[in-house]
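> Input: one structure, supplied below.
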Amino acid sequence: MNTESQQNIAIAGAGLMGRLLAWRLSEKGHQITLFESDSLDKPVGACHTAAGMISPLSELFHCPLPIYQLGMQSLQYWPQWAKQLELQTGMPVGYRRSGSILIAHPQDRNELLQFQQELNAKLGIENSHQLQWLDNNALRELEPELDRFDQGLFLATEADIDNRKLLPALLKALELNKVQLREHSPAECFPGKVHTENSTQDFDLVIDTRGLGAKKEVDGLRGVRGEVMVVETPEVQLNRPVRLLHPRYQLYAVPRANNQIVIGATEIESEDMSPISLRSTMELSSALYSIHPAFAEARVIETRVNCRPATMDNLPVVDGEPGLLRINGLFRHGYLLAPALALQAESEISRVNQPTEQVT
Ligand SMILES: Cc1cc2nc3c(=O)[nH]c(=O)nc-3n(C[C@H](O)[C@H](O)[C@H](O)COP(=O)(O)OP(=O)(O)OC[C@H]3O[C@@H](n4cnc5c(N)ncnc54)[C@H](O)[C@@H]3O)c2cc1C
């Protein structure tokens, strides 16, 4: 722990952003109280549903440059923070930096070219080395199971983290750092104050990381429905996230421990949290099957649905007023952006915390 002057800080919302920030700030010696409306052991936020990809280049195709820039910054910190968490808690967090691979069926080859052109236009040709064309041999060397594809793109910089391991590890670290944990405590946030059903508590600073729970307070915040499936098969072994580009839909397959693969994700402008639709199940399954026929015998072991908290321009928000900081709108980029946004919050707190100069 360092000696930066201690503040009494409340964080509302123990999703990804709330947990990561609570951990970072408690490591810095601040006294933290974390409020969560649901259970801490079985999180209900979007963070629990996510695939955990940390993919600034893949996302840049659809997103503005700041998402890429914040994502590249996060990529500098994830390895160090993941290692620190593992050492502190003795729990693995499943951080992997093996890059990711983009493929397309021969008839959709233009999708790969279009992807490359779009990224070159956004990043400048001097950054084109971040995208590496793979011929069939190079592709097979990295991913032997993708031998049906004659070309692909390799994005070596990209990483992923197993959110189902990271979230419990963060919780354990918070317990070790003596963070006050208040689960089943829906909170309302005000400058310097948190209201719960039973009490109002004063704090030096309140940080609102309630995701969609802060809809009333964050202008234009909306939920964007996402559906994923988890399948299990020993027949197809992938070493890294693979994305299939297709004119109508996109599929990613993120391999996890125990022969499991998370496949996703739909993106539907709706706040409907009901179970996955038959259509989405069919589209995700058939896209996966088109990568390798052995997926036909994969077992579907879980389906997940949640809504991503998104602003009108799909960019994150870090703002507030004295005594209150709001971090929201992480949309489909929570794992990609969280470290960079946590660092922004930390520097804001240090700045406000600086002793003002005495004028004599
Ligand atoms: C299908 C899907 C796939 C995704 N895949 C990826 C991916 O591969 N990579 C990536 O970077 N991102 C991905 N995301 C996005 C990522 O999950 C989100 O951006 C991230 O979870 C947002 O984090 P958050 O902490 O802001 O919100 P959340 O994770 O939603 O957490 C908000 C928390 O606040 C709590 N809360 C709500 N109201 C209150 C209240 N009144 N009081 C106290 N607590 C409250 C909630 O219970 C919840 O625990 C995906 C999302 C989905 C849905």
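Letters A, B, ... mark the chains of the structure tokens in the order given; residue numbers begin at 1 per chain; ligand numbers begin at 1, in order shown.
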I'd like the contact shell of Pro144 in chain A - 12 Å cut-off, only C-alpha atoms, skipping same-chain residues fewer than 6 positions apart - returned as a PDB file with C-alpha atoms, in the first residue's frame.

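Now in part.pdb:
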ATOM      1  CA  ASN A 136      -3.119 -21.505 -45.253  1.00  0.00           C
ATOM      2  CA  ASN A 137       0.221 -22.789 -43.870  1.00  0.00           C
ATOM      3  CA  ALA A 138       0.714 -19.921 -41.448  1.00  0.00           C
ATOM      4  CA  ASP A 150      -7.040 -20.597 -46.928  1.00  0.00           C
ATOM      5  CA  VAL A 236     -11.845 -28.964 -31.714  1.00  0.00           C
ATOM      6  CA  GLN A 237      -8.965 -27.285 -29.925  1.00  0.00           C
ATOM      7  CA  LEU A 238      -8.472 -23.564 -30.457  1.00  0.00           C
ATOM      8  CA  ASN A 239      -5.563 -21.653 -28.910  1.00  0.00           C
ATOM      9  CA  ARG A 240      -6.918 -18.119 -29.015  1.00  0.00           C
ATOM     10  CA  HIS A 292     -15.418 -26.948 -38.198  1.00  0.00           C
TER      11      HIS A 292
END
> Neighbours of ligand 1 at 6 Å or closer, counting only C-alpha atoms and all ligand atoms: which residues, as an mmCIF file with N, CA, C and O atoms, in the first residue's frame?

data_model
loop_
_atom_site.group_PDB
_atom_site.id
_atom_site.type_symbol
_atom_site.label_atom_id
_atom_site.label_comp_id
_atom_site.auth_asym_id
_atom_site.auth_seq_id
_atom_site.Cartn_x
_atom_site.Cartn_y
_atom_site.Cartn_z
ATOM 1 N N ALA A 12 -20.538 2.388 -5.874
ATOM 2 C CA ALA A 12 -21.846 1.730 -6.025
ATOM 3 C C ALA A 12 -21.847 0.936 -7.323
ATOM 4 O O ALA A 12 -21.637 1.495 -8.396
ATOM 5 N N GLY A 13 -22.051 -0.395 -7.193
ATOM 6 C CA GLY A 13 -22.037 -1.279 -8.364
ATOM 7 C C GLY A 13 -20.781 -2.124 -8.362
ATOM 8 O O GLY A 13 -19.701 -1.606 -8.634
ATOM 9 N N ALA A 14 -20.940 -3.420 -8.047
ATOM 10 C CA ALA A 14 -19.766 -4.301 -7.970
ATOM 11 C C ALA A 14 -19.650 -5.164 -9.211
ATOM 12 O O ALA A 14 -19.423 -6.369 -9.150
ATOM 13 N N GLY A 15 -19.855 -4.510 -10.392
ATOM 14 C CA GLY A 15 -19.566 -5.200 -11.651
ATOM 15 C C GLY A 15 -18.067 -5.125 -11.896
ATOM 16 O O GLY A 15 -17.271 -4.978 -10.962
ATOM 17 N N LEU A 16 -17.686 -5.194 -13.160
ATOM 18 C CA LEU A 16 -16.256 -5.154 -13.480
ATOM 19 C C LEU A 16 -15.613 -3.851 -13.030
ATOM 20 O O LEU A 16 -14.590 -3.839 -12.340
ATOM 21 N N MET A 17 -16.238 -2.713 -13.417
ATOM 22 C CA MET A 17 -15.621 -1.417 -13.151
ATOM 23 C C MET A 17 -15.530 -1.169 -11.650
ATOM 24 O O MET A 17 -14.502 -0.708 -11.142
ATOM 25 N N GLY A 18 -16.624 -1.487 -10.936
ATOM 26 C CA GLY A 18 -16.651 -1.251 -9.494
ATOM 27 C C GLY A 18 -15.611 -2.093 -8.767
ATOM 28 O O GLY A 18 -14.895 -1.605 -7.887
ATOM 29 N N PHE A 35 -20.969 -1.058 -2.595
ATOM 30 C CA PHE A 35 -22.390 -1.405 -2.528
ATOM 31 C C PHE A 35 -22.784 -2.177 -3.788
ATOM 32 O O PHE A 35 -22.446 -1.762 -4.905
ATOM 33 N N GLU A 36 -23.501 -3.266 -3.608
ATOM 34 C CA GLU A 36 -24.000 -4.023 -4.760
ATOM 35 C C GLU A 36 -25.460 -4.384 -4.508
ATOM 36 O O GLU A 36 -25.817 -4.842 -3.426
ATOM 37 N N SER A 37 -26.290 -4.159 -5.531
ATOM 38 C CA SER A 37 -27.726 -4.415 -5.332
ATOM 39 C C SER A 37 -28.021 -5.916 -5.267
ATOM 40 O O SER A 37 -29.000 -6.318 -4.659
ATOM 41 N N ASP A 38 -27.159 -6.739 -5.885
ATOM 42 C CA ASP A 38 -27.418 -8.179 -5.891
ATOM 43 C C ASP A 38 -26.356 -8.905 -5.075
ATOM 44 O O ASP A 38 -25.747 -8.327 -4.190
ATOM 45 N N PRO A 43 -22.561 -12.578 -9.652
ATOM 46 C CA PRO A 43 -22.857 -11.261 -10.205
ATOM 47 C C PRO A 43 -23.911 -11.340 -11.309
ATOM 48 O O PRO A 43 -23.989 -12.335 -12.033
ATOM 49 N N VAL A 44 -24.736 -10.303 -11.401
ATOM 50 C CA VAL A 44 -25.782 -10.279 -12.424
ATOM 51 C C VAL A 44 -25.471 -9.254 -13.520
ATOM 52 O O VAL A 44 -26.195 -9.165 -14.496
ATOM 53 N N GLY A 45 -24.410 -8.483 -13.338
ATOM 54 C CA GLY A 45 -24.074 -7.423 -14.294
ATOM 55 C C GLY A 45 -23.595 -8.007 -15.619
ATOM 56 O O GLY A 45 -23.353 -9.218 -15.756
ATOM 57 N N ALA A 46 -23.447 -7.110 -16.598
ATOM 58 C CA ALA A 46 -22.981 -7.523 -17.925
ATOM 59 C C ALA A 46 -21.617 -8.213 -17.847
ATOM 60 O O ALA A 46 -21.291 -9.077 -18.661
ATOM 61 N N CYS A 47 -20.834 -7.829 -16.818
ATOM 62 C CA CYS A 47 -19.476 -8.374 -16.678
ATOM 63 C C CYS A 47 -19.465 -9.897 -16.590
ATOM 64 O O CYS A 47 -18.525 -10.554 -17.027
ATOM 65 N N THR A 49 -21.582 -11.945 -18.022
ATOM 66 C CA THR A 49 -22.027 -12.543 -19.285
ATOM 67 C C THR A 49 -20.938 -12.485 -20.351
ATOM 68 O O THR A 49 -20.903 -13.311 -21.259
ATOM 69 N N ALA A 50 -20.045 -11.511 -20.222
ATOM 70 C CA ALA A 50 -19.110 -11.171 -21.301
ATOM 71 C C ALA A 50 -18.168 -12.316 -21.661
ATOM 72 O O ALA A 50 -18.000 -13.281 -20.915
ATOM 73 N N ALA A 51 -17.532 -12.151 -22.839
ATOM 74 C CA ALA A 51 -16.567 -13.149 -23.306
ATOM 75 C C ALA A 51 -15.146 -12.811 -22.845
ATOM 76 O O ALA A 51 -14.257 -13.652 -22.942
ATOM 77 N N GLY A 52 -14.923 -11.586 -22.396
ATOM 78 C CA GLY A 52 -13.618 -11.222 -21.823
ATOM 79 C C GLY A 52 -12.531 -10.922 -22.843
ATOM 80 O O GLY A 52 -11.342 -10.942 -22.517
ATOM 81 N N MET A 53 -12.936 -10.608 -24.080
ATOM 82 C CA MET A 53 -11.898 -10.292 -25.074
ATOM 83 C C MET A 53 -11.373 -8.873 -24.861
ATOM 84 O O MET A 53 -12.141 -7.961 -24.536
ATOM 85 N N ILE A 54 -10.067 -8.724 -25.064
ATOM 86 C CA ILE A 54 -9.422 -7.410 -24.925
ATOM 87 C C ILE A 54 -8.837 -7.130 -26.308
ATOM 88 O O ILE A 54 -7.688 -7.456 -26.593
ATOM 89 N N PRO A 186 -29.143 -2.094 -2.795
ATOM 90 C CA PRO A 186 -29.308 -1.135 -3.897
ATOM 91 C C PRO A 186 -29.000 0.274 -3.397
ATOM 92 O O PRO A 186 -29.521 0.679 -2.347
ATOM 93 N N ALA A 187 -28.154 0.974 -4.131
ATOM 94 C CA ALA A 187 -27.695 2.281 -3.646
ATOM 95 C C ALA A 187 -28.107 3.385 -4.604
ATOM 96 O O ALA A 187 -28.222 3.171 -5.805
ATOM 97 N N GLU A 188 -28.317 4.563 -4.040
ATOM 98 C CA GLU A 188 -28.486 5.775 -4.850
ATOM 99 C C GLU A 188 -27.308 6.681 -4.543
ATOM 100 O O GLU A 188 -26.895 6.795 -3.379
ATOM 101 N N THR A 209 -20.637 3.267 -10.337
ATOM 102 C CA THR A 209 -20.303 2.304 -11.406
ATOM 103 C C THR A 209 -21.440 1.285 -11.504
ATOM 104 O O THR A 209 -21.206 0.087 -11.561
ATOM 105 N N ARG A 210 -22.672 1.788 -11.512
ATOM 106 C CA ARG A 210 -23.833 0.883 -11.463
ATOM 107 C C ARG A 210 -24.278 0.406 -12.840
ATOM 108 O O ARG A 210 -25.337 -0.220 -12.953
ATOM 109 N N GLY A 211 -23.530 0.692 -13.894
ATOM 110 C CA GLY A 211 -23.946 0.256 -15.230
ATOM 111 C C GLY A 211 -25.367 0.725 -15.489
ATOM 112 O O GLY A 211 -25.713 1.888 -15.247
ATOM 113 N N GLY A 213 -27.907 0.341 -13.890
ATOM 114 C CA GLY A 213 -28.566 0.789 -12.654
ATOM 115 C C GLY A 213 -28.532 2.305 -12.506
ATOM 116 O O GLY A 213 -29.230 2.870 -11.670
ATOM 117 N N GLY A 226 -27.196 -8.608 -25.526
ATOM 118 C CA GLY A 226 -26.171 -9.496 -26.092
ATOM 119 C C GLY A 226 -26.409 -10.909 -25.609
ATOM 120 O O GLY A 226 -26.729 -11.133 -24.445
ATOM 121 N N GLU A 227 -26.278 -11.872 -26.552
ATOM 122 C CA GLU A 227 -26.509 -13.280 -26.202
ATOM 123 C C GLU A 227 -25.249 -14.076 -26.528
ATOM 124 O O GLU A 227 -24.641 -13.864 -27.577
ATOM 125 N N VAL A 228 -24.859 -14.941 -25.629
ATOM 126 C CA VAL A 228 -23.728 -15.839 -25.906
ATOM 127 C C VAL A 228 -24.113 -17.262 -25.524
ATOM 128 O O VAL A 228 -25.027 -17.476 -24.723
ATOM 129 N N ALA A 265 -21.285 -12.792 -30.319
ATOM 130 C CA ALA A 265 -22.387 -12.401 -29.469
ATOM 131 C C ALA A 265 -23.347 -11.610 -30.335
ATOM 132 O O ALA A 265 -22.924 -10.917 -31.268
ATOM 133 N N ASN A 306 -27.523 -10.678 -21.490
ATOM 134 C CA ASN A 306 -27.436 -9.482 -20.659
ATOM 135 C C ASN A 306 -27.501 -8.248 -21.548
ATOM 136 O O ASN A 306 -27.485 -8.365 -22.766
ATOM 137 N N CYS A 307 -27.566 -7.103 -20.923
ATOM 138 C CA CYS A 307 -27.574 -5.863 -21.697
ATOM 139 C C CYS A 307 -26.338 -5.042 -21.369
ATOM 140 O O CYS A 307 -26.022 -4.817 -20.203
ATOM 141 N N ARG A 308 -25.687 -4.603 -22.419
ATOM 142 C CA ARG A 308 -24.472 -3.788 -22.241
ATOM 143 C C ARG A 308 -24.890 -2.346 -21.969
ATOM 144 O O ARG A 308 -25.740 -1.814 -22.686
ATOM 145 N N ASN A 328 -19.350 5.095 -16.692
ATOM 146 C CA ASN A 328 -20.408 4.276 -17.267
ATOM 147 C C ASN A 328 -20.247 4.199 -18.789
ATOM 148 O O ASN A 328 -19.293 4.743 -19.350
ATOM 149 N N LEU A 330 -19.672 1.551 -20.716
ATOM 150 C CA LEU A 330 -18.553 0.733 -21.204
ATOM 151 C C LEU A 330 -18.974 -0.158 -22.381
ATOM 152 O O LEU A 330 -18.140 -0.805 -23.016
ATOM 153 N N PHE A 331 -20.274 -0.205 -22.640
ATOM 154 C CA PHE A 331 -20.836 -0.871 -23.828
ATOM 155 C C PHE A 331 -20.233 -2.263 -24.027
ATOM 156 O O PHE A 331 -20.194 -3.053 -23.106
ATOM 157 N N ARG A 332 -19.698 -2.534 -25.220
ATOM 158 C CA ARG A 332 -19.171 -3.883 -25.466
ATOM 159 C C ARG A 332 -17.670 -3.951 -25.177
ATOM 160 O O ARG A 332 -16.955 -4.841 -25.642
ATOM 161 N N HIS A 333 -17.194 -2.954 -24.372
ATOM 162 C CA HIS A 333 -15.744 -2.817 -24.206
ATOM 163 C C HIS A 333 -15.284 -2.799 -22.764
ATOM 164 O O HIS A 333 -14.243 -2.217 -22.462
ATOM 165 N N GLY A 334 -16.049 -3.406 -21.865
ATOM 166 C CA GLY A 334 -15.699 -3.307 -20.455
ATOM 167 C C GLY A 334 -14.287 -3.796 -20.155
ATOM 168 O O GLY A 334 -13.490 -3.101 -19.500
ATOM 169 N N TYR A 335 -13.963 -4.980 -20.652
ATOM 170 C CA TYR A 335 -12.643 -5.562 -20.350
ATOM 171 C C TYR A 335 -11.554 -4.827 -21.121
ATOM 172 O O TYR A 335 -10.410 -4.751 -20.688
ATOM 173 N N LEU A 336 -11.946 -4.286 -22.254
ATOM 174 C CA LEU A 336 -10.999 -3.531 -23.073
ATOM 175 C C LEU A 336 -10.657 -2.185 -22.429
ATOM 176 O O LEU A 336 -9.534 -1.707 -22.515
#
> Write down as an mmCIF file with C-alpha atoms, in the first residue's frame the residues of range 8-125 of chain A whose backbone DSSP state falls under strand (DSSP E or B).

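The result, written out as part.cif:
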data_model
loop_
_atom_site.group_PDB
_atom_site.id
_atom_site.type_symbol
_atom_site.label_atom_id
_atom_site.label_comp_id
_atom_site.auth_asym_id
_atom_site.auth_seq_id
_atom_site.Cartn_x
_atom_site.Cartn_y
_atom_site.Cartn_z
ATOM 1 C CA ASN A 8 -13.281 7.435 2.620
ATOM 2 C CA ILE A 9 -14.737 6.356 -0.752
ATOM 3 C CA ALA A 10 -18.018 4.640 -1.642
ATOM 4 C CA ILE A 11 -18.337 2.690 -4.871
ATOM 5 C CA ALA A 12 -21.846 1.730 -6.025
ATOM 6 C CA GLN A 31 -10.915 3.209 2.755
ATOM 7 C CA ILE A 32 -13.499 1.679 0.413
ATOM 8 C CA THR A 33 -17.128 0.659 0.856
ATOM 9 C CA LEU A 34 -18.595 -1.255 -2.090
ATOM 10 C CA PHE A 35 -22.390 -1.405 -2.528
ATOM 11 C CA MET A 53 -11.898 -10.292 -25.074
ATOM 12 C CA ILE A 54 -9.422 -7.410 -24.925
ATOM 13 C CA TYR A 95 -5.199 -13.661 -18.717
ATOM 14 C CA ARG A 96 -3.869 -14.725 -22.120
ATOM 15 C CA SER A 100 -6.616 -13.279 -32.157
ATOM 16 C CA ILE A 101 -7.388 -14.584 -35.612
ATOM 17 C CA LEU A 102 -9.915 -13.357 -38.148
ATOM 18 C CA ILE A 103 -11.159 -15.691 -40.834
ATOM 19 C CA ALA A 104 -13.808 -15.607 -43.566
#
> Excluding Leu70 in chain A and any residue of its chain fewer than 2 positions from it, enumerate the residues within 8 Å of it, using only C-alpha atoms, and give them as a ChimeraX atom specification.
/A:66-68,72-74,336-337,340-341
> Would you save the residues from that selection as an mmCIF file, in the first residue's frame, using C-alpha atoms?

data_model
loop_
_atom_site.group_PDB
_atom_site.id
_atom_site.type_symbol
_atom_site.label_atom_id
_atom_site.label_comp_id
_atom_site.auth_asym_id
_atom_site.auth_seq_id
_atom_site.Cartn_x
_atom_site.Cartn_y
_atom_site.Cartn_z
ATOM 1 C CA PRO A 66 -10.648 6.653 -28.704
ATOM 2 C CA ILE A 67 -11.853 3.094 -27.974
ATOM 3 C CA TYR A 68 -8.725 1.738 -29.644
ATOM 4 C CA MET A 72 -4.114 -0.097 -26.109
ATOM 5 C CA GLN A 73 -3.507 1.665 -22.801
ATOM 6 C CA SER A 74 -5.431 -1.065 -20.941
ATOM 7 C CA LEU A 336 -10.999 -3.531 -23.073
ATOM 8 C CA LEU A 337 -11.448 -0.205 -21.295
ATOM 9 C CA ALA A 340 -7.616 2.803 -18.693
ATOM 10 C CA LEU A 341 -10.772 4.203 -17.087
#
> Determine, using only C-alpha atoms, which residues of range 120-178 of chain A have any atom at most 10 Å from an atom of range 76-89 of chain A, and tabulate each with its shortest atom pair and distance in Å to one decimal place, rows ordered by chain and then rising number, as a tab-separated table.

residue	atom	partner	partner_atom	distance
A:Ala159	CA	A:Trp78	CA	9.1
A:Asp160	CA	A:Trp78	CA	9.5
A:Ile161	CA	A:Ala82	CA	8.9
A:Leu166	CA	A:Ala82	CA	8.3
A:Pro168	CA	A:Thr89	CA	9.8
A:Ala169	CA	A:Thr89	CA	6.5
A:Leu170	CA	A:Leu85	CA	7.2
A:Leu171	CA	A:Thr89	CA	9.4
A:Lys172	CA	A:Thr89	CA	6.4
A:Ala173	CA	A:Thr89	CA	5.9
A:Leu174	CA	A:Thr89	CA	9.7
A:Glu175	CA	A:Thr89	CA	9.8
A:Leu176	CA	A:Thr89	CA	8.1
A:Asn177	CA	A:Gln88	CA	9.9
> Enumerate, in order of chain and increasing residue number, the residues of range 196-291 of chain A with an atom no farther than 6 Å from range 296-304 of chain A, each with its shortest atom pair and distance in Å to one decimal, counting only C-alpha atoms, as JSON lines.

{"residue": "A:Glu227", "atom": "CA", "partner": "A:Arg304", "partner_atom": "CA", "distance": 5.7}
{"residue": "A:Val228", "atom": "CA", "partner": "A:Arg304", "partner_atom": "CA", "distance": 5.2}
{"residue": "A:Met229", "atom": "CA", "partner": "A:Thr303", "partner_atom": "CA", "distance": 4.3}
{"residue": "A:Val230", "atom": "CA", "partner": "A:Glu302", "partner_atom": "CA", "distance": 5.0}
{"residue": "A:Val231", "atom": "CA", "partner": "A:Val300", "partner_atom": "CA", "distance": 4.4}
{"residue": "A:Glu232", "atom": "CA", "partner": "A:Arg299", "partner_atom": "CA", "distance": 5.2}
{"residue": "A:Thr233", "atom": "CA", "partner": "A:Ala298", "partner_atom": "CA", "distance": 4.7}
> A:Asp135, A:Glu118, A:Asp162, A:Glu217: which is nearest Val317 in chain A, counting only C-alpha atoms?
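Among the listed residues, the smallest separation from Val317 in chain A belongs to A:Glu217.
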> Using DSSP on the backbone, list every residue of range 69-173 of chain A that comes out as helix (DSSP H, G or I), and give them as a PyMOL selection string.
chain A and resi 69-89+106-123+125-130+136-142+144-146+163-173
> Write out, as an mmCIF file, in the first residue's frame, the residues just selected, with C-alpha atoms.

data_model
loop_
_atom_site.group_PDB
_atom_site.id
_atom_site.type_symbol
_atom_site.label_atom_id
_atom_site.label_comp_id
_atom_site.auth_asym_id
_atom_site.auth_seq_id
_atom_site.Cartn_x
_atom_site.Cartn_y
_atom_site.Cartn_z
ATOM 1 C CA GLN A 69 -6.471 4.219 -27.821
ATOM 2 C CA LEU A 70 -7.949 3.450 -24.404
ATOM 3 C CA GLY A 71 -7.825 -0.257 -25.234
ATOM 4 C CA MET A 72 -4.114 -0.097 -26.109
ATOM 5 C CA GLN A 73 -3.507 1.665 -22.801
ATOM 6 C CA SER A 74 -5.431 -1.065 -20.941
ATOM 7 C CA LEU A 75 -3.349 -3.711 -22.690
ATOM 8 C CA GLN A 76 -0.244 -2.249 -21.068
ATOM 9 C CA TYR A 77 -1.706 -2.744 -17.599
ATOM 10 C CA TRP A 78 -3.660 -6.021 -17.753
ATOM 11 C CA PRO A 79 -0.584 -8.324 -17.624
ATOM 12 C CA GLN A 80 0.850 -6.618 -14.548
ATOM 13 C CA TRP A 81 -2.513 -6.320 -12.769
ATOM 14 C CA ALA A 82 -3.462 -9.911 -13.587
ATOM 15 C CA LYS A 83 -0.169 -11.171 -12.152
ATOM 16 C CA GLN A 84 -0.519 -9.005 -9.058
ATOM 17 C CA LEU A 85 -4.053 -10.303 -8.451
ATOM 18 C CA GLU A 86 -2.958 -13.918 -8.875
ATOM 19 C CA LEU A 87 -0.078 -13.462 -6.435
ATOM 20 C CA GLN A 88 -2.261 -11.687 -3.914
ATOM 21 C CA THR A 89 -5.192 -14.119 -3.984
ATOM 22 C CA PRO A 106 -13.848 -18.031 -49.445
ATOM 23 C CA GLN A 107 -17.042 -16.373 -50.751
ATOM 24 C CA ASP A 108 -16.732 -13.691 -48.019
ATOM 25 C CA ARG A 109 -13.055 -12.973 -48.585
ATOM 26 C CA ASN A 110 -13.865 -9.306 -49.211
ATOM 27 C CA GLU A 111 -14.759 -9.013 -45.551
ATOM 28 C CA LEU A 112 -11.109 -9.565 -44.620
ATOM 29 C CA LEU A 113 -9.931 -7.044 -47.197
ATOM 30 C CA GLN A 114 -12.486 -4.519 -46.058
ATOM 31 C CA PHE A 115 -11.419 -5.030 -42.448
ATOM 32 C CA GLN A 116 -7.791 -4.416 -43.382
ATOM 33 C CA GLN A 117 -8.618 -1.313 -45.413
ATOM 34 C CA GLU A 118 -10.786 0.159 -42.684
ATOM 35 C CA LEU A 119 -8.074 -0.314 -40.046
ATOM 36 C CA ASN A 120 -5.357 1.068 -42.306
ATOM 37 C CA ALA A 121 -7.540 4.121 -42.936
ATOM 38 C CA LYS A 122 -8.133 4.660 -39.223
ATOM 39 C CA LEU A 123 -4.621 3.887 -37.960
ATOM 40 C CA ILE A 125 -0.412 2.667 -43.042
ATOM 41 C CA GLU A 126 2.536 2.960 -40.587
ATOM 42 C CA ASN A 127 0.551 0.796 -38.175
ATOM 43 C CA SER A 128 -0.318 -1.842 -40.756
ATOM 44 C CA HIS A 129 2.193 -4.254 -39.156
ATOM 45 C CA GLN A 130 -0.398 -4.830 -36.426
ATOM 46 C CA ASN A 136 -3.119 -21.505 -45.253
ATOM 47 C CA ASN A 137 0.221 -22.789 -43.870
ATOM 48 C CA ALA A 138 0.714 -19.921 -41.448
ATOM 49 C CA LEU A 139 -2.897 -20.230 -40.329
ATOM 50 C CA ARG A 140 -2.528 -23.970 -39.729
ATOM 51 C CA GLU A 141 0.628 -23.388 -37.738
ATOM 52 C CA LEU A 142 -1.196 -21.093 -35.329
ATOM 53 C CA PRO A 144 -4.331 -26.408 -36.827
ATOM 54 C CA GLU A 145 -8.127 -26.823 -36.610
ATOM 55 C CA LEU A 146 -8.687 -23.975 -39.084
ATOM 56 C CA ASN A 163 -14.095 -13.107 -16.565
ATOM 57 C CA ARG A 164 -15.510 -16.069 -14.639
ATOM 58 C CA LYS A 165 -12.112 -16.319 -12.912
ATOM 59 C CA LEU A 166 -11.252 -12.639 -12.731
ATOM 60 C CA LEU A 167 -14.440 -11.504 -10.963
ATOM 61 C CA PRO A 168 -14.123 -13.936 -7.992
ATOM 62 C CA ALA A 169 -10.385 -13.154 -7.750
ATOM 63 C CA LEU A 170 -11.159 -9.445 -7.522
ATOM 64 C CA LEU A 171 -13.711 -10.154 -4.805
ATOM 65 C CA LYS A 172 -11.137 -12.152 -2.840
ATOM 66 C CA ALA A 173 -8.609 -9.315 -3.185
#
> Find the distance between CA of Gly94 in chain A and CA of Gly329 in chain A and write it in Å to one decimal.
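Calculated distance between CA of Gly94 in chain A and CA of Gly329 in chain A is 24.9 Å.
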> One number please: CA of Ser280 in chain A to CA of Lys42 in chain A, in Å, one decimal.
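Distance between the two atoms: 24.8 Å.
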> Please, what distance in Å, to one decimal, runs between CA of Gly264 in chain A and CA of Leu60 in chain A?
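Separating CA of Gly264 in chain A from CA of Leu60 in chain A is a distance of 17.8 Å.
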> Find the residues around Leu25 in chain A up to 10 Å (only C-alpha atoms counted), leave out those fewer than 5 positions away in its own chain, and share them as a list in words.
Met1, Gln6, Gln7, Ile9, Arg19, Leu20, His30, Gln31, Ile32, Asn177, Val179, Ala342, Ala345, Glu346 and Ile349 of chain A
